[in-house]
file entry_16.pdb (PDB, C-alpha atoms and all ligand atoms)
ATOM      1  CA  MET A   1      -3.935 -13.049  19.301
ATOM      2  CA  VAL A   2      -0.445 -11.557  19.055
ATOM      3  CA  LYS A   3      -0.543  -9.016  16.274
ATOM      4  CA  THR A   4       2.421  -8.092  14.102
ATOM      5  CA  ARG A   5       3.645  -4.544  14.636
ATOM      6  CA  THR A   6       3.129  -2.827  11.285
ATOM      7  CA  CYS A   7       3.971   0.476   9.633
ATOM      8  CA  ILE A   8       1.917   1.957   6.789
ATOM      9  CA  PHE A   9       3.702   4.213   4.277
ATOM     10  CA  ILE A  10       1.563   6.883   2.614
ATOM     11  CA  SER A  11       1.942   9.934   0.385
ATOM     12  CA  GLY A  12      -1.607  11.186  -0.117
ATOM     13  CA  LYS A  13      -5.242  10.695   0.786
ATOM     14  CA  GLY A  14      -4.757   7.659   2.988
ATOM     15  CA  SER A  15      -8.120   6.007   2.381
ATOM     16  CA  ASN A  16      -6.432   2.584   2.376
ATOM     17  CA  LEU A  17      -4.675   3.526   5.601
ATOM     18  CA  ASN A  18      -8.010   4.454   7.159
ATOM     19  CA  ASN A  19      -9.513   1.178   6.014
ATOM     20  CA  LEU A  20      -6.604  -0.838   7.427
ATOM     21  CA  ILE A  21      -6.828   1.012  10.742
ATOM     22  CA  LYS A  22     -10.481  -0.039  10.991
ATOM     23  CA  LYS A  23      -9.719  -3.656  10.055
ATOM     24  CA  SER A  24      -6.841  -3.833  12.500
ATOM     25  CA  ARG A  25      -9.318  -3.410  15.339
ATOM     26  CA  ASP A  26     -10.791  -6.866  14.622
ATOM     27  CA  TYR A  27      -9.506  -9.313  17.175
ATOM     28  CA  ASN A  28      -8.521 -11.816  14.479
ATOM     29  CA  PHE A  29      -6.833  -9.410  12.089
ATOM     30  CA  PRO A  30      -3.098 -10.276  12.112
ATOM     31  CA  ILE A  31      -1.593  -6.777  12.250
ATOM     32  CA  ASN A  32      -1.643  -3.742  14.467
ATOM     33  CA  ILE A  33      -0.742  -0.355  13.021
ATOM     34  CA  ASN A  34       1.947   1.111  15.242
ATOM     35  CA  LEU A  35       3.426   3.727  12.913
ATOM     36  CA  VAL A  36       2.545   5.757   9.829
ATOM     37  CA  ILE A  37       5.283   7.175   7.620
ATOM     38  CA  SER A  38       4.592   9.878   5.063
ATOM     39  CA  ASN A  39       7.013  11.440   2.608
ATOM     40  CA  ASN A  40       4.562  14.310   2.219
ATOM     41  CA  PRO A  41       4.014  16.592   5.216
ATOM     42  CA  LYS A  42       0.716  17.735   3.682
ATOM     43  CA  ALA A  43      -0.662  14.236   3.031
ATOM     44  CA  GLU A  44      -4.361  14.186   3.820
ATOM     45  CA  GLY A  45      -3.948  10.682   5.247
ATOM     46  CA  ILE A  46      -1.978  11.965   8.242
ATOM     47  CA  LYS A  47      -5.293  12.967   9.825
ATOM     48  CA  HIS A  48      -6.343   9.306  10.074
ATOM     49  CA  ALA A  49      -3.188   8.499  12.033
ATOM     50  CA  LYS A  50      -3.722  11.512  14.305
ATOM     51  CA  LYS A  51      -7.362  10.679  14.938
ATOM     52  CA  ASN A  52      -6.367   7.177  15.985
ATOM     53  CA  SER A  53      -3.331   8.255  18.048
ATOM     54  CA  ILE A  54      -0.914   6.393  15.800
ATOM     55  CA  PRO A  55       2.620   7.863  15.777
ATOM     56  CA  ILE A  56       3.505   9.653  12.539
ATOM     57  CA  PHE A  57       6.935  10.099  11.042
ATOM     58  CA  ILE A  58       7.417  12.558   8.193
ATOM     59  CA  VAL A  59      10.404  11.791   6.043
ATOM     60  CA  ASN A  60      12.102  14.082   3.575
ATOM     61  CA  THR A  61      12.943  11.816   0.676
ATOM     62  CA  LYS A  62      15.043  14.564  -0.914
ATOM     63  CA  LYS A  63      17.692  13.978   1.747
ATOM     64  CA  ARG A  64      20.230  11.336   0.814
ATOM     65  CA  ASN A  65      20.097   9.351   4.049
ATOM     66  CA  PHE A  66      16.314   9.280   4.329
ATOM     67  CA  GLU A  67      16.096   5.493   4.242
ATOM     68  CA  ASN A  68      18.463   5.199   7.221
ATOM     69  CA  LYS A  69      16.192   7.531   9.143
ATOM     70  CA  ILE A  70      13.224   5.345   8.286
ATOM     71  CA  LEU A  71      15.114   2.179   9.274
ATOM     72  CA  LYS A  72      16.010   3.765  12.606
ATOM     73  CA  ILE A  73      12.450   4.644  13.532
ATOM     74  CA  LEU A  74      11.167   1.255  12.336
ATOM     75  CA  LYS A  75      13.662  -0.357  14.690
ATOM     76  CA  GLU A  76      12.719   1.922  17.565
ATOM     77  CA  LYS A  77       9.051   1.068  17.087
ATOM     78  CA  ARG A  78       9.846  -2.652  16.655
ATOM     79  CA  ILE A  79       8.096  -2.800  13.277
ATOM     80  CA  ASN A  80       8.073  -6.210  11.570
ATOM     81  CA  PHE A  81       5.820  -5.619   8.577
ATOM     82  CA  ILE A  82       5.279  -2.758   6.102
ATOM     83  CA  CYS A  83       2.310  -1.901   3.894
ATOM     84  CA  LEU A  84       2.768   0.644   1.113
ATOM     85  CA  ALA A  85      -0.594   2.338   0.675
ATOM     86  CA  GLY A  86      -0.187   4.958  -2.030
ATOM     87  CA  PHE A  87       3.473   5.593  -1.176
ATOM     88  CA  MET A  88       4.815   7.308  -4.285
ATOM     89  CA  LYS A  89       8.496   6.631  -3.841
ATOM     90  CA  ILE A  90      10.639   3.693  -4.924
ATOM     91  CA  ILE A  91      12.377   1.789  -2.144
ATOM     92  CA  SER A  92      16.004   0.777  -2.561
ATOM     93  CA  ARG A  93      17.386  -2.743  -2.688
ATOM     94  CA  ASN A  94      19.310  -2.171   0.524
ATOM     95  CA  PHE A  95      16.156  -1.175   2.362
ATOM     96  CA  LEU A  96      14.315  -4.225   1.036
ATOM     97  CA  LEU A  97      17.037  -6.525   2.349
ATOM     98  CA  ASN A  98      16.132  -5.352   5.850
ATOM     99  CA  PHE A  99      12.515  -6.387   5.352
ATOM    100  CA  LYS A 100      12.690  -9.378   3.059
ATOM    101  CA  LYS A 101       9.195 -10.666   2.158
ATOM    102  CA  LYS A 102       7.792  -8.236   4.695
ATOM    103  CA  ILE A 103       6.793  -5.319   2.487
ATOM    104  CA  ILE A 104       3.606  -5.380   0.441
ATOM    105  CA  ASN A 105       2.066  -2.796  -1.893
ATOM    106  CA  VAL A 106      -1.311  -2.088  -3.446
ATOM    107  CA  HIS A 107      -1.357  -1.047  -7.095
ATOM    108  CA  PRO A 108      -4.395   0.202  -9.066
ATOM    109  CA  SER A 109      -4.184  -2.169 -12.036
ATOM    110  CA  LEU A 110      -4.119  -5.843 -12.877
ATOM    111  CA  LEU A 111      -0.366  -6.301 -12.804
ATOM    112  CA  PRO A 112       1.768  -7.022 -14.791
ATOM    113  CA  LYS A 113      -0.344  -4.645 -16.873
ATOM    114  CA  PHE A 114       0.078  -0.905 -16.292
ATOM    115  CA  LYS A 115       2.975  -0.711 -13.885
ATOM    116  CA  GLY A 116       3.958   2.765 -12.731
ATOM    117  CA  LEU A 117       2.025   6.018 -12.792
ATOM    118  CA  ASN A 118      -1.047   7.365 -14.622
ATOM    119  CA  THR A 119      -2.631   3.943 -14.698
ATOM    120  CA  PHE A 120      -6.226   4.994 -15.333
ATOM    121  CA  SER A 121      -5.553   7.188 -18.366
ATOM    122  CA  ARG A 122      -3.462   4.412 -19.894
ATOM    123  CA  ILE A 123      -6.171   1.821 -19.193
ATOM    124  CA  ILE A 124      -8.761   3.964 -21.018
ATOM    125  CA  LYS A 125      -6.412   4.730 -23.877
ATOM    126  CA  ASN A 126      -5.687   1.037 -24.283
ATOM    127  CA  LYS A 127      -9.442   0.225 -24.415
ATOM    128  CA  GLU A 128      -9.135  -2.436 -21.723
ATOM    129  CA  LYS A 129     -12.206  -4.595 -21.094
ATOM    130  CA  LYS A 130     -11.486  -5.095 -17.417
ATOM    131  CA  THR A 131      -9.282  -3.672 -14.717
ATOM    132  CA  GLY A 132      -8.807  -3.857 -10.964
ATOM    133  CA  CYS A 133      -6.191  -3.862  -8.267
ATOM    134  CA  THR A 134      -3.233  -5.976  -7.210
ATOM    135  CA  VAL A 135      -1.636  -6.505  -3.824
ATOM    136  CA  HIS A 136       1.899  -7.819  -4.204
ATOM    137  CA  TYR A 137       5.204  -8.275  -2.423
ATOM    138  CA  VAL A 138       7.685  -5.495  -3.094
ATOM    139  CA  ASN A 139      10.978  -6.344  -4.790
ATOM    140  CA  GLU A 140      13.678  -4.247  -6.433
ATOM    141  CA  LYS A 141      11.754  -3.870  -9.697
ATOM    142  CA  LEU A 142       8.828  -1.462  -9.924
ATOM    143  CA  ASP A 143       5.430  -3.147  -9.331
ATOM    144  CA  SER A 144       6.927  -6.552 -10.078
ATOM    145  CA  GLY A 145       6.993  -8.642  -6.888
ATOM    146  CA  ASN A 146       4.963 -11.824  -6.411
ATOM    147  CA  ILE A 147       1.227 -11.266  -6.548
ATOM    148  CA  ILE A 148      -0.767 -12.046  -3.404
ATOM    149  CA  ILE A 149      -4.268 -11.079  -4.534
ATOM    150  CA  GLN A 150      -6.009  -9.445  -7.484
ATOM    151  CA  LYS A 151      -9.599  -8.268  -7.833
ATOM    152  CA  PHE A 152     -11.195  -7.054 -11.048
ATOM    153  CA  PHE A 153     -14.294  -5.494 -12.592
ATOM    154  CA  TYR A 154     -15.488  -5.025 -16.169
ATOM    155  CA  ILE A 155     -15.114  -1.518 -17.534
ATOM    156  CA  LYS A 156     -18.327   0.165 -18.694
ATOM    157  CA  LYS A 157     -18.574   2.437 -21.730
ATOM    158  CA  ASN A 158     -18.988   5.590 -19.672
ATOM    159  CA  ASP A 159     -16.294   4.863 -17.100
ATOM    160  CA  ASN A 160     -13.893   7.793 -17.036
ATOM    161  CA  GLU A 161     -10.655   8.075 -15.018
ATOM    162  CA  LYS A 162     -12.470   9.302 -11.924
ATOM    163  CA  ILE A 163     -14.990   6.455 -12.000
ATOM    164  CA  LEU A 164     -12.266   3.873 -12.665
ATOM    165  CA  LYS A 165     -10.315   5.177  -9.684
ATOM    166  CA  SER A 166     -13.256   5.005  -7.349
ATOM    167  CA  LYS A 167     -14.269   1.495  -8.517
ATOM    168  CA  THR A 168     -10.657   0.348  -8.168
ATOM    169  CA  GLN A 169     -10.278   1.799  -4.687
ATOM    170  CA  TYR A 170     -13.498   0.144  -3.619
ATOM    171  CA  LEU A 171     -11.872  -3.180  -4.548
ATOM    172  CA  GLU A 172      -8.644  -2.193  -2.801
ATOM    173  CA  TYR A 173     -10.486  -1.822   0.500
ATOM    174  CA  ARG A 174     -11.310  -5.542   0.274
ATOM    175  CA  ALA A 175      -8.144  -6.765  -1.419
ATOM    176  CA  PHE A 176      -5.593  -5.208   0.949
ATOM    177  CA  PRO A 177      -6.993  -6.717   4.180
ATOM    178  CA  GLU A 178      -7.553 -10.070   2.445
ATOM    179  CA  ALA A 179      -3.964 -10.063   1.210
ATOM    180  CA  ILE A 180      -2.671  -9.359   4.716
ATOM    181  CA  ILE A 181      -4.680 -12.256   6.114
ATOM    182  CA  LYS A 182      -3.306 -14.493   3.348
ATOM    183  CA  VAL A 183       0.303 -13.444   4.019
ATOM    184  CA  PHE A 184       0.034 -14.268   7.698
ATOM    185  CA  ARG A 185      -1.825 -17.509   7.129
ATOM    186  CA  LYS A 186       1.165 -18.718   5.125
ATOM    187  CA  ASN A 187       3.727 -17.914   7.823
TER
HETATM  188  C1  LIG B 201      -4.312   3.670  -4.216
HETATM  189  O1  LIG B 201      -5.368   3.587  -5.125
HETATM  190  C2  LIG B 201      -3.139   2.828  -4.691
HETATM  191  O2  LIG B 201      -3.515   1.777  -5.511
HETATM  192  C3  LIG B 201      -2.312   3.833  -5.441
HETATM  193  O3  LIG B 201      -2.452   5.033  -4.739
HETATM  194  C4  LIG B 201      -3.750   5.083  -4.167
HETATM  195  C5  LIG B 201      -3.645   5.620  -2.763
HETATM  196  O4  LIG B 201      -4.901   5.941  -2.278
HETATM  197  N1  LIG B 201      -0.957   3.406  -5.487
HETATM  198  C6  LIG B 201      -0.168   3.571  -6.543
HETATM  199  O5  LIG B 201      -0.532   4.132  -7.552
HETATM  200  C7  LIG B 201       1.230   3.039  -6.363
HETATM  201  N2  LIG B 201       1.852   2.878  -7.615
HETATM  202  P1  LIG B 201      -5.128   6.294  -0.760
HETATM  203  O6  LIG B 201      -4.044   7.287  -0.369
HETATM  204  O7  LIG B 201      -6.510   6.903  -0.703
HETATM  205  O8  LIG B 201      -5.040   5.023   0.028
END

call {"tool": "encode", "arguments": {"input": "entry_16.pdb", "output": "structure tokens", "more": "lines below"}}
Ligand code: GAR
result
Amino acid sequence: MVKTRTCIFISGKGSNLNNLIKKSRDYNFPININLVISNNPKAEGIKHAKKNSIPIFIVNTKKRNFENKILKILKEKRINFICLAGFMKIISRNFLLNFKKKIINVHPSLLPKFKGLNTFSRIIKNKEKKTGCTVHYVNEKLDSGNIIIQKFFYIKKNDNEKILKSKTQYLEYRAFPEAIIKVFRKN
């Protein structure tokens, strides 16, 4: 099967990146990971790219033209699809126009609830009964693009932020690959 050349954007641990790298080895999985971009030179996730000989590009998002630099390398590497996996930076409208309907993101809540940061503390504070993760298309508004897949679990009395995060990430490792398969089935 011809796989779509994909770039994963990260900022931190990169456990979703690692999971997607593993999935991408399946013959039938629609994407290949040809580039990893990190806005954090110390991101733990970079090691997964290195271990798998995937090119890494570190971008300094404090520089004004950083998106042009990203666009240039994406072009060089002939990237056609982007997955944001814990990328903690908002992407501009202009950038999105270059990859219309081709950028997806994973978020650790049941959107439209709890957009933005500090999701787990807000979920606990709000006494939610259930939570989960969402994979969605990226548009100009924060965590607001069309939803591709959601998975949820019921919150237990003793679930603290750490437990919620680990339960949510466990669901993300299933939701993200499933969402990618769904996106490419539609095309
Ligand atoms: C993931 O849980 C993802 O949902 C979250 O960052 C984590 C990255 O984990 N993303 C956001 O909060 C975006 N708003 P990872 O680096 O281990 O894949």

call {"tool": "resolve_selection", "arguments": {"input": "entry_16.pdb", "expression": "the PyMOL selection byres (((chain A and resi 106) around 6) and not hetatm)", "output": "PyMOL selection string"}}
result
chain A and resi 105+107+134-135

call {"tool": "residues_near_ligand", "arguments": {"input": "entry_16.pdb", "ligand": "ligand LIG 201 (chain B)", "cutoff": "6 Å", "atoms": "only C-alpha atoms and all ligand atoms", "output": "list in words"}}
result
Gly12, Lys13, Gly14, Ser15, Asn16, Leu17, Ala85, Gly86, Met88, Val106, His107, Pro108, Gly116 and Gln169 of chain A

call {"tool": "atom_distance", "arguments": {"input": "entry_16.pdb", "atom1": "CA of Thr4 (chain A)", "atom2": "CA of Ile33 (chain A)"}}
result
8.4 Å

call {"tool": "closest_residue", "arguments": {"input": "entry_16.pdb", "among": "A:Cys133, A:Val36, A:Leu171, A:Val183", "to": "Leu110 (chain A)", "atoms": "only C-alpha atoms"}}
result
A:Cys133

call {"tool": "atom_distance", "arguments": {"input": "entry_16.pdb", "atom1": "CA of Leu111 (chain A)", "atom2": "CA of Ser144 (chain A)"}}
result
7.8 Å

call {"tool": "closest_residue", "arguments": {"input": "entry_16.pdb", "among": "A:Lys72, A:His48, A:Lys115, A:Lys3", "to": "Phe95 (chain A)", "atoms": "all atoms listed in the file"}}
result
A:Lys72

call {"tool": "resolve_selection", "arguments": {"input": "entry_16.pdb", "expression": "the PyMOL selection byres (((chain A and resi 34) around 9) and not hetatm)", "output": "PyMOL selection string"}}
result
chain A and resi 5-8+32-33+35-36+54-55+77-79

call {"tool": "axis_aligned_box", "arguments": {"input": "entry_16.pdb", "around": "region 122-139 of chain A", "padding_each_side": "3 Å", "output": "lines of an AutoDock Vina configuration file"}}
result
center_x = -0.6
center_y = -1.8
center_z = -13.4
size_x = 29.2
size_y = 19.0
size_z = 28.0

call {"tool": "closest_residue", "arguments": {"input": "entry_16.pdb", "among": "A:Met1, A:Asn39, A:Lys102, A:Asn18", "to": "Phe87 (chain A)", "atoms": "all atoms listed in the file"}}
result
A:Asn39

call {"tool": "closest_residue", "arguments": {"input": "entry_16.pdb", "among": "A:Leu142, A:Ile10, A:Ile155, A:Ala49", "to": "Lys113 (chain A)", "atoms": "all atoms listed in the file"}}
result
A:Leu142

call {"tool": "resolve_selection", "arguments": {"input": "entry_16.pdb", "expression": "the PyMOL selection byres (((chain A and resi 145) around 10) and not hetatm)", "output": "list in words"}}
result
Lys101, Ile103, Ile104, Asn105, Leu111, Pro112, Val135, His136, Tyr137, Val138, Asn139, Glu140, Lys141, Leu142, Asp143, Ser144, Asn146, Ile147 and Ile148 of chain A

call {"tool": "build_atoms", "arguments": {"input": "entry_16.pdb", "residues": "region 8-33 of chain A", "atoms": "N, CA, C and O atoms", "output": "JSON list (two decimals), keeping the file's coordinate frame"}}
result
[["chain", "number", "residue", "atom", "x", "y", "z"],
["A", 8, "ILE", "N", 2.52, 1.66, 8.09],
["A", 8, "ILE", "CA", 1.92, 1.96, 6.79],
["A", 8, "ILE", "C", 2.61, 3.19, 6.22],
["A", 8, "ILE", "O", 2.73, 4.21, 6.90],
["A", 9, "PHE", "N", 3.07, 3.08, 4.97],
["A", 9, "PHE", "CA", 3.70, 4.21, 4.28],
["A", 9, "PHE", "C", 2.66, 4.87, 3.37],
["A", 9, "PHE", "O", 2.01, 4.16, 2.58],
["A", 10, "ILE", "N", 2.53, 6.17, 3.47],
["A", 10, "ILE", "CA", 1.56, 6.88, 2.61],
["A", 10, "ILE", "C", 2.22, 8.11, 1.97],
["A", 10, "ILE", "O", 3.28, 8.57, 2.41],
["A", 11, "SER", "N", 1.51, 8.65, 0.97],
["A", 11, "SER", "CA", 1.94, 9.93, 0.38],
["A", 11, "SER", "C", 0.76, 10.88, 0.21],
["A", 11, "SER", "O", 0.96, 12.06, -0.05],
["A", 12, "GLY", "N", -0.46, 10.34, 0.24],
["A", 12, "GLY", "CA", -1.61, 11.19, -0.12],
["A", 12, "GLY", "C", -2.81, 11.03, 0.77],
["A", 12, "GLY", "O", -2.74, 11.15, 1.99],
["A", 13, "LYS", "N", -3.93, 10.68, 0.13],
["A", 13, "LYS", "CA", -5.24, 10.70, 0.79],
["A", 13, "LYS", "C", -5.35, 9.76, 1.99],
["A", 13, "LYS", "O", -6.02, 10.05, 2.96],
["A", 14, "GLY", "N", -4.76, 8.59, 1.85],
["A", 14, "GLY", "CA", -4.76, 7.66, 2.99],
["A", 14, "GLY", "C", -6.06, 6.92, 3.23],
["A", 14, "GLY", "O", -6.32, 6.46, 4.34],
["A", 15, "SER", "N", -6.86, 6.74, 2.15],
["A", 15, "SER", "CA", -8.12, 6.01, 2.38],
["A", 15, "SER", "C", -7.84, 4.52, 2.65],
["A", 15, "SER", "O", -8.56, 3.89, 3.43],
["A", 16, "ASN", "N", -6.80, 3.97, 2.05],
["A", 16, "ASN", "CA", -6.43, 2.58, 2.38],
["A", 16, "ASN", "C", -5.91, 2.49, 3.80],
["A", 16, "ASN", "O", -6.20, 1.52, 4.51],
["A", 17, "LEU", "N", -5.16, 3.50, 4.21],
["A", 17, "LEU", "CA", -4.68, 3.53, 5.60],
["A", 17, "LEU", "C", -5.87, 3.50, 6.55],
["A", 17, "LEU", "O", -5.92, 2.70, 7.48],
["A", 18, "ASN", "N", -6.84, 4.37, 6.29],
["A", 18, "ASN", "CA", -8.01, 4.45, 7.16],
["A", 18, "ASN", "C", -8.74, 3.11, 7.23],
["A", 18, "ASN", "O", -9.15, 2.65, 8.30],
["A", 19, "ASN", "N", -8.85, 2.48, 6.07],
["A", 19, "ASN", "CA", -9.51, 1.18, 6.01],
["A", 19, "ASN", "C", -8.74, 0.12, 6.81],
["A", 19, "ASN", "O", -9.33, -0.66, 7.57],
["A", 20, "LEU", "N", -7.41, 0.15, 6.69],
["A", 20, "LEU", "CA", -6.60, -0.84, 7.43],
["A", 20, "LEU", "C", -6.64, -0.57, 8.93],
["A", 20, "LEU", "O", -6.62, -1.52, 9.73],
["A", 21, "ILE", "N", -6.72, 0.70, 9.31],
["A", 21, "ILE", "CA", -6.83, 1.01, 10.74],
["A", 21, "ILE", "C", -8.10, 0.37, 11.29],
["A", 21, "ILE", "O", -8.09, -0.29, 12.33],
["A", 22, "LYS", "N", -9.20, 0.54, 10.54],
["A", 22, "LYS", "CA", -10.48, -0.04, 10.99],
["A", 22, "LYS", "C", -10.38, -1.56, 11.10],
["A", 22, "LYS", "O", -10.80, -2.15, 12.08],
["A", 23, "LYS", "N", -9.82, -2.18, 10.06],
["A", 23, "LYS", "CA", -9.72, -3.66, 10.06],
["A", 23, "LYS", "C", -8.84, -4.14, 11.20],
["A", 23, "LYS", "O", -9.08, -5.20, 11.77],
["A", 24, "SER", "N", -7.80, -3.37, 11.49],
["A", 24, "SER", "CA", -6.84, -3.83, 12.50],
["A", 24, "SER", "C", -7.47, -3.92, 13.89],
["A", 24, "SER", "O", -6.91, -4.53, 14.79],
["A", 25, "ARG", "N", -8.64, -3.33, 14.04],
["A", 25, "ARG", "CA", -9.32, -3.41, 15.34],
["A", 25, "ARG", "C", -9.99, -4.77, 15.56],
["A", 25, "ARG", "O", -10.32, -5.12, 16.68],
["A", 26, "ASP", "N", -10.21, -5.52, 14.47],
["A", 26, "ASP", "CA", -10.79, -6.87, 14.62],
["A", 26, "ASP", "C", -9.81, -7.75, 15.39],
["A", 26, "ASP", "O", -8.62, -7.78, 15.06],
["A", 27, "TYR", "N", -10.34, -8.47, 16.33],
["A", 27, "TYR", "CA", -9.51, -9.31, 17.18],
["A", 27, "TYR", "C", -8.64, -10.27, 16.34],
["A", 27, "TYR", "O", -7.47, -10.50, 16.64],
["A", 28, "ASN", "N", -9.23, -10.80, 15.26],
["A", 28, "ASN", "CA", -8.52, -11.82, 14.48],
["A", 28, "ASN", "C", -7.65, -11.26, 13.36],
["A", 28, "ASN", "O", -7.04, -12.03, 12.63],
["A", 29, "PHE", "N", -7.66, -9.97, 13.18],
["A", 29, "PHE", "CA", -6.83, -9.41, 12.09],
["A", 29, "PHE", "C", -5.36, -9.44, 12.51],
["A", 29, "PHE", "O", -5.03, -9.02, 13.62],
["A", 30, "PRO", "N", -4.46, -9.95, 11.64],
["A", 30, "PRO", "CA", -3.10, -10.28, 12.11],
["A", 30, "PRO", "C", -2.17, -9.11, 12.40],
["A", 30, "PRO", "O", -1.08, -9.32, 12.94],
["A", 31, "ILE", "N", -2.54, -7.89, 12.01],
["A", 31, "ILE", "CA", -1.59, -6.78, 12.25],
["A", 31, "ILE", "C", -2.19, -5.68, 13.11],
["A", 31, "ILE", "O", -3.40, -5.51, 13.18],
["A", 32, "ASN", "N", -1.28, -4.96, 13.75],
["A", 32, "ASN", "CA", -1.64, -3.74, 14.47],
["A", 32, "ASN", "C", -0.86, -2.61, 13.80],
["A", 32, "ASN", "O", 0.29, -2.80, 13.42],
["A", 33, "ILE", "N", -1.47, -1.45, 13.67],
["A", 33, "ILE", "CA", -0.74, -0.36, 13.02],
["A", 33, "ILE", "C", -0.11, 0.52, 14.09],
["A", 33, "ILE", "O", -0.80, 1.22, 14.83]]
